[in-house]
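> So here's input_8.txt, just compact mmCIF, C-alpha atoms:
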```
# COMPACT_ATOMS: atom_id res chain seq x y z
CA TYR A 1 29.77 -13.86 -2.23
CA GLY A 2 31.96 -15.33 -4.94
CA PHE A 3 31.35 -14.94 -8.66
CA ILE A 4 32.93 -17.92 -10.39
CA GLY A 5 33.37 -18.30 -14.10
CA GLU A 6 35.86 -18.64 -16.89
CA ASN A 7 37.59 -15.62 -18.36
CA GLY A 8 35.03 -13.74 -20.43
CA SER A 9 32.03 -15.29 -18.68
CA GLY A 10 30.61 -11.98 -17.42
CA LYS A 11 31.92 -11.71 -13.86
CA SER A 12 33.56 -8.31 -14.27
CA THR A 13 30.70 -7.01 -16.40
CA THR A 14 28.21 -7.99 -13.68
CA GLU A 15 30.29 -6.24 -11.02
CA LYS A 16 30.63 -3.14 -13.21
CA MET A 17 26.84 -3.06 -13.63
CA ILE A 18 26.30 -3.38 -9.85
CA CYS A 19 28.73 -0.46 -9.33
CA GLY A 20 27.03 1.65 -11.97
CA LEU A 21 30.15 1.80 -14.18
CA ILE A 22 28.26 0.40 -17.17
CA PRO A 23 24.51 0.41 -17.86
CA THR A 24 22.43 -2.73 -17.63
CA SER A 25 21.04 -4.14 -20.86
CA GLY A 26 17.92 -5.42 -19.13
CA GLY A 27 16.50 -6.47 -15.81
CA SER A 28 17.06 -4.54 -12.60
CA ILE A 29 19.58 -4.35 -9.77
CA LYS A 30 18.35 -3.72 -6.24
CA LEU A 31 20.53 -3.28 -3.17
CA TYR A 32 19.14 -2.63 0.28
CA GLY A 33 15.66 -2.60 -1.27
CA LYS A 34 16.51 0.33 -3.54
CA ASP A 35 17.68 0.79 -7.12
CA TYR A 36 21.45 0.44 -7.36
CA THR A 37 21.73 3.99 -8.75
CA ASP A 38 20.23 5.52 -5.59
CA GLU A 39 22.73 7.88 -3.93
CA SER A 40 22.25 6.29 -0.48
CA VAL A 41 23.10 2.87 -1.98
CA ARG A 42 26.18 4.22 -3.78
CA ALA A 43 27.44 5.71 -0.51
CA LYS A 44 27.49 2.23 1.08
CA MET A 45 29.71 0.77 -1.63
CA GLY A 46 33.47 0.33 -1.87
CA VAL A 47 34.86 -0.81 -5.22
CA LEU A 48 38.11 -2.12 -6.66
CA ILE A 49 37.75 -2.87 -10.35
CA GLU A 50 41.06 -3.42 -12.14
CA ALA A 51 43.80 -1.28 -10.51
CA PRO A 52 43.52 1.48 -7.91
CA GLY A 53 43.94 5.00 -9.26
CA CYS A 54 47.14 6.04 -7.53
CA PHE A 55 49.89 8.53 -8.26
CA PRO A 56 53.12 6.49 -8.68
CA GLY A 57 55.42 9.14 -7.18
CA LEU A 58 53.37 9.67 -4.03
CA THR A 59 53.57 7.55 -0.91
CA VAL A 60 50.92 5.02 -0.04
CA PHE A 61 49.76 7.29 2.79
CA ASP A 62 49.52 10.37 0.56
CA ASN A 63 47.54 8.45 -2.06
CA MET A 64 45.19 7.26 0.67
CA MET A 65 44.79 10.79 2.02
CA LEU A 66 43.89 12.03 -1.47
CA GLN A 67 41.20 9.38 -1.75
CA ALA A 68 39.92 10.28 1.73
CA ALA A 69 39.69 13.92 0.61
CA ASN A 70 37.80 12.85 -2.54
CA LEU A 71 35.30 11.08 -0.29
CA SER A 72 35.08 14.06 2.13
CA ILE A 73 36.08 11.91 5.08
CA SER A 74 36.33 14.22 8.10
CA ASN A 75 38.73 12.17 10.24
CA ALA A 76 40.88 11.23 7.26
CA GLU A 77 44.17 10.46 8.97
CA GLN A 78 42.55 8.13 11.53
CA GLU A 79 40.49 6.43 8.81
CA VAL A 80 43.53 5.93 6.57
CA ILE A 81 45.55 4.41 9.41
CA LYS A 82 42.61 2.12 10.28
CA VAL A 83 42.15 0.76 6.75
CA LEU A 84 45.90 0.35 6.18
CA LYS A 85 45.99 -1.80 9.33
CA MET A 86 43.02 -3.82 8.07
CA VAL A 87 44.96 -4.74 4.92
CA ARG A 88 48.29 -5.12 6.73
CA MET A 89 49.93 -2.18 4.99
CA GLU A 90 50.56 0.18 7.92
CA GLY A 91 54.30 -0.57 7.78
CA ALA A 92 54.47 0.46 4.13
CA ALA A 93 52.59 3.76 4.41
CA GLY A 94 55.77 5.72 3.65
CA ASN A 95 56.64 3.69 0.53
CA LYS A 96 56.19 5.29 -2.86
CA TYR A 97 53.34 3.57 -4.68
CA LYS A 98 55.53 2.84 -7.72
CA ASN A 99 57.84 0.75 -5.52
CA CYS A 100 55.05 -1.51 -4.21
CA SER A 101 54.64 -5.11 -5.36
CA LEU A 102 51.48 -6.32 -7.13
CA GLY A 103 50.17 -7.81 -3.88
CA MET A 104 50.80 -4.57 -2.03
CA LYS A 105 49.03 -2.59 -4.76
CA GLN A 106 46.02 -4.94 -4.51
CA ARG A 107 45.89 -4.38 -0.74
CA ILE A 108 46.21 -0.60 -1.22
CA GLY A 109 43.28 -0.73 -3.64
CA ILE A 110 41.22 -2.65 -1.10
CA ALA A 111 42.18 -0.15 1.60
CA MET A 112 41.00 2.68 -0.66
CA ALA A 113 37.72 0.84 -1.27
CA LEU A 114 37.29 0.44 2.50
CA LEU A 115 37.53 4.17 3.19
CA GLY A 116 34.24 5.45 4.58
CA ASP A 117 33.21 2.07 6.08
CA PRO A 118 31.24 0.62 3.16
CA ALA A 119 28.65 -2.06 3.84
CA LEU A 120 29.40 -3.67 0.46
CA LEU A 121 32.85 -4.20 -1.03
CA ILE A 122 33.08 -5.21 -4.70
CA LEU A 123 36.41 -6.69 -5.79
CA ASP A 124 37.28 -7.81 -9.28
CA GLU A 125 39.81 -10.67 -9.19
CA PRO A 126 41.93 -9.37 -6.27
CA ILE A 127 43.91 -12.64 -6.10
CA ASN A 128 44.73 -12.72 -9.81
CA GLY A 129 48.48 -12.70 -10.42
CA LEU A 130 49.45 -13.08 -6.76
CA ASP A 131 51.94 -15.66 -5.57
CA THR A 132 51.02 -18.29 -2.98
CA ASP A 133 51.86 -16.07 0.00
CA GLY A 134 50.01 -13.13 -1.55
CA MET A 135 46.90 -15.26 -2.10
CA ARG A 136 47.05 -16.54 1.48
CA MET A 137 47.36 -13.02 2.87
CA MET A 138 44.53 -11.76 0.65
CA ARG A 139 42.31 -14.63 1.85
CA GLU A 140 43.02 -13.79 5.48
CA ILE A 141 42.31 -10.10 4.92
CA LEU A 142 39.01 -10.73 3.12
CA VAL A 143 37.79 -13.20 5.75
CA ASP A 144 38.78 -10.71 8.48
CA ILE A 145 36.87 -7.89 6.76
CA THR A 146 33.67 -9.95 6.57
CA GLN A 147 33.92 -11.42 10.06
CA ASN A 148 35.15 -8.42 12.04
CA TYR A 149 33.98 -5.33 10.18
CA GLY A 150 30.47 -6.32 9.08
CA CYS A 151 31.18 -5.75 5.40
CA THR A 152 29.76 -7.97 2.67
CA VAL A 153 32.32 -8.75 -0.03
CA ILE A 154 31.47 -9.63 -3.62
CA ILE A 155 34.56 -11.14 -5.21
CA SER A 156 35.06 -12.46 -8.71
CA SER A 157 37.58 -15.09 -9.67
CA HIS A 158 38.20 -17.92 -12.07
CA ILE A 159 40.20 -19.75 -9.38
CA LEU A 160 37.57 -21.90 -7.66
CA GLY A 161 40.03 -23.36 -5.15
CA GLU A 162 40.81 -19.92 -3.77
CA LEU A 163 37.19 -18.74 -3.68
CA GLU A 164 36.23 -21.87 -1.74
CA LYS A 165 38.53 -20.68 1.04
CA ILE A 166 36.93 -17.22 1.16
CA ALA A 167 33.29 -17.21 0.06
CA THR A 168 30.26 -18.61 1.86
CA HIS A 169 27.91 -18.16 -1.12
CA TYR A 170 28.62 -18.55 -4.83
CA GLY A 171 27.20 -17.62 -8.17
CA ILE A 172 28.42 -19.49 -11.22
CA ILE A 173 28.38 -17.40 -14.39
CA ARG A 174 28.67 -18.69 -17.94
CA GLN A 175 28.27 -16.61 -21.10
CA GLY A 176 26.75 -13.71 -19.18
CA LYS A 177 24.12 -15.77 -17.36
CA MET A 178 23.97 -16.97 -13.78
CA ILE A 179 23.68 -20.71 -14.20
CA MET A 180 23.73 -21.71 -10.54
CA GLU A 181 23.89 -20.30 -7.03
CA LEU A 182 25.21 -22.21 -4.05
```
Here is the file; what I need is its structure written in the form of structure tokens.

Amino acid sequence: YGFIGENGSGKSTTEKMICGLIPTSGGSIKLYGKDYTDESVRAKMGVLIEAPGCFPGLTVFDNMMLQAANLSISNAEQEVIKVLKMVRMEGAAGNKYKNCSLGMKQRIGIAMALLGDPALLILDEPINGLDTDGMRMMREILVDITQNYGCTVIISSHILGELEKIATHYGIIRQGKMIMEL
């Protein structure tokens, strides 16, 4: 599902409300037939809003293992290897996070959000700032996640041309209001 809108239109704010990072000012949010604040709903969610919280001096793998520990994942090493493969970062697991490119950091953030096999992945502008190859790789990864891992992805962007290559459903947001869904 792609959220499309100009900068400042409310895409990120909507995603932050869905994630429970900021309170709603009205209305309600339901996921899986329950209120979005329900613990069982929160457990099914992976989120990347802005940048991943990583320690610059640690390796990609060590940062991932810390996140796995935060989530109490029992088979952490296997899970980390699996999600790094999903985002095509297994070859960079030994790199220090501070030495990773922007595209690599975006993929690491997505890998962190994928830990624990979420049913819903919420990504705030993951293609923003990437070069052409980075956008292509991100597209391929996101399509692969939805087609092969049964995960629904909500992605925001102001780049319609890129979202058209990824999303199957769209919501167009302007001034904080959904003006159209396709």
> Write out as a PyMOL selection string which residues come within 9 Å of A:Phe61 when counting all atoms listed in the file, dropping same-chain ones fewer than 5 positions away.
chain A and resi 66+77+80-81+84+90+92-96
> Show which residues sit within 12 Å of A:Thr168, as a PyMOL selection string. Count all atoms listed in the file, and ignore same-chain residues fewer than 3 positions away.
chain A and resi 1-3+142-143+146-147+152-155+163-165+171+181-182
> Work out how far atom CA of A:Ala43 is from atom CA of A:Gly91, in Å to one decimal.
28.8 Å
> Which of these residues is nearest to A:Ile110, using all atoms listed in the file: A:Met138, A:Ile159, A:Ile18, A:Leu58?
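Going through A:Met138, A:Ile159, A:Ile18, A:Leu58 one by one, the smallest distance to A:Ile110 is for A:Met138.
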> Determine, counting only C-alpha atoms, which protein, DNA and RNA residues have an atom within 9 Å of an atom of A:Cys151; residues of the same chain fewer than 2 positions away are not included. Present the result as a list of chain:residue names.
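That gives A:Asp117, A:Pro118, A:Ala119, A:Leu120, A:Leu121, A:Ile145, A:Thr146, A:Gln147, A:Asn148, A:Tyr149, A:Val153.
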> Out of A:Asp144, A:Glu125, A:Glu6, A:Glu15, which residue has the shortest atom-to-atom distance to A:Glu162 when counting only C-alpha atoms?
A:Glu125
> For A:Gln106, work out the shell of residues within 10 Å, counting only C-alpha atoms and skipping chain neighbours fewer than 4 positions away, then give it as a PyMOL selection string.
chain A and resi 48+50-52+87+100-102+110-112+123+125-128+130+134+138
> Centre and edge lengths, as lines of an AutoDock Vina configuration file, for the axis-aligned box enclosing every listed atom of stretch 7-20 of chain A with 6 Å of padding on each of the six sides, in Å to one decimal?

```
center_x = 31.9
center_y = -7.0
center_z = -14.9
size_x = 23.3
size_y = 29.3
size_z = 23.1
```
> I'd like to know which of A:Ala68, A:Cys54, A:Gly129, A:Arg139 is closest to A:Tyr97, using all atoms listed in the file.
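Among A:Ala68, A:Cys54, A:Gly129, A:Arg139, it is A:Cys54 that comes nearest to A:Tyr97.
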> Could you pull the residues within 10 Å of A:Met178, counting all atoms listed in the file, minus those fewer than 4 positions along the same chain, as a PyMOL selection string?
chain A and resi 3-5+9-11+14+171-174
> Please compute the atom CA of A:Ser12-atom CA of A:Asp124 distance, one decimal, in Å.
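Calculated distance between atom CA of A:Ser12 and atom CA of A:Asp124 is 6.2 Å.
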> Hey, can you check how far atom CA of A:Leu31 sits from atom CA of A:Met17?
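Atom CA of A:Met17 lies at a distance of 12.2 Å from atom CA of A:Leu31.
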> Taking into account all atoms listed in the file, which residue in the set A:Gly161, A:Pro56, A:Gly26, A:Gly20 is nearest to A:Asn99?
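Ranked by minimum distance to A:Asn99, first place goes to A:Pro56.
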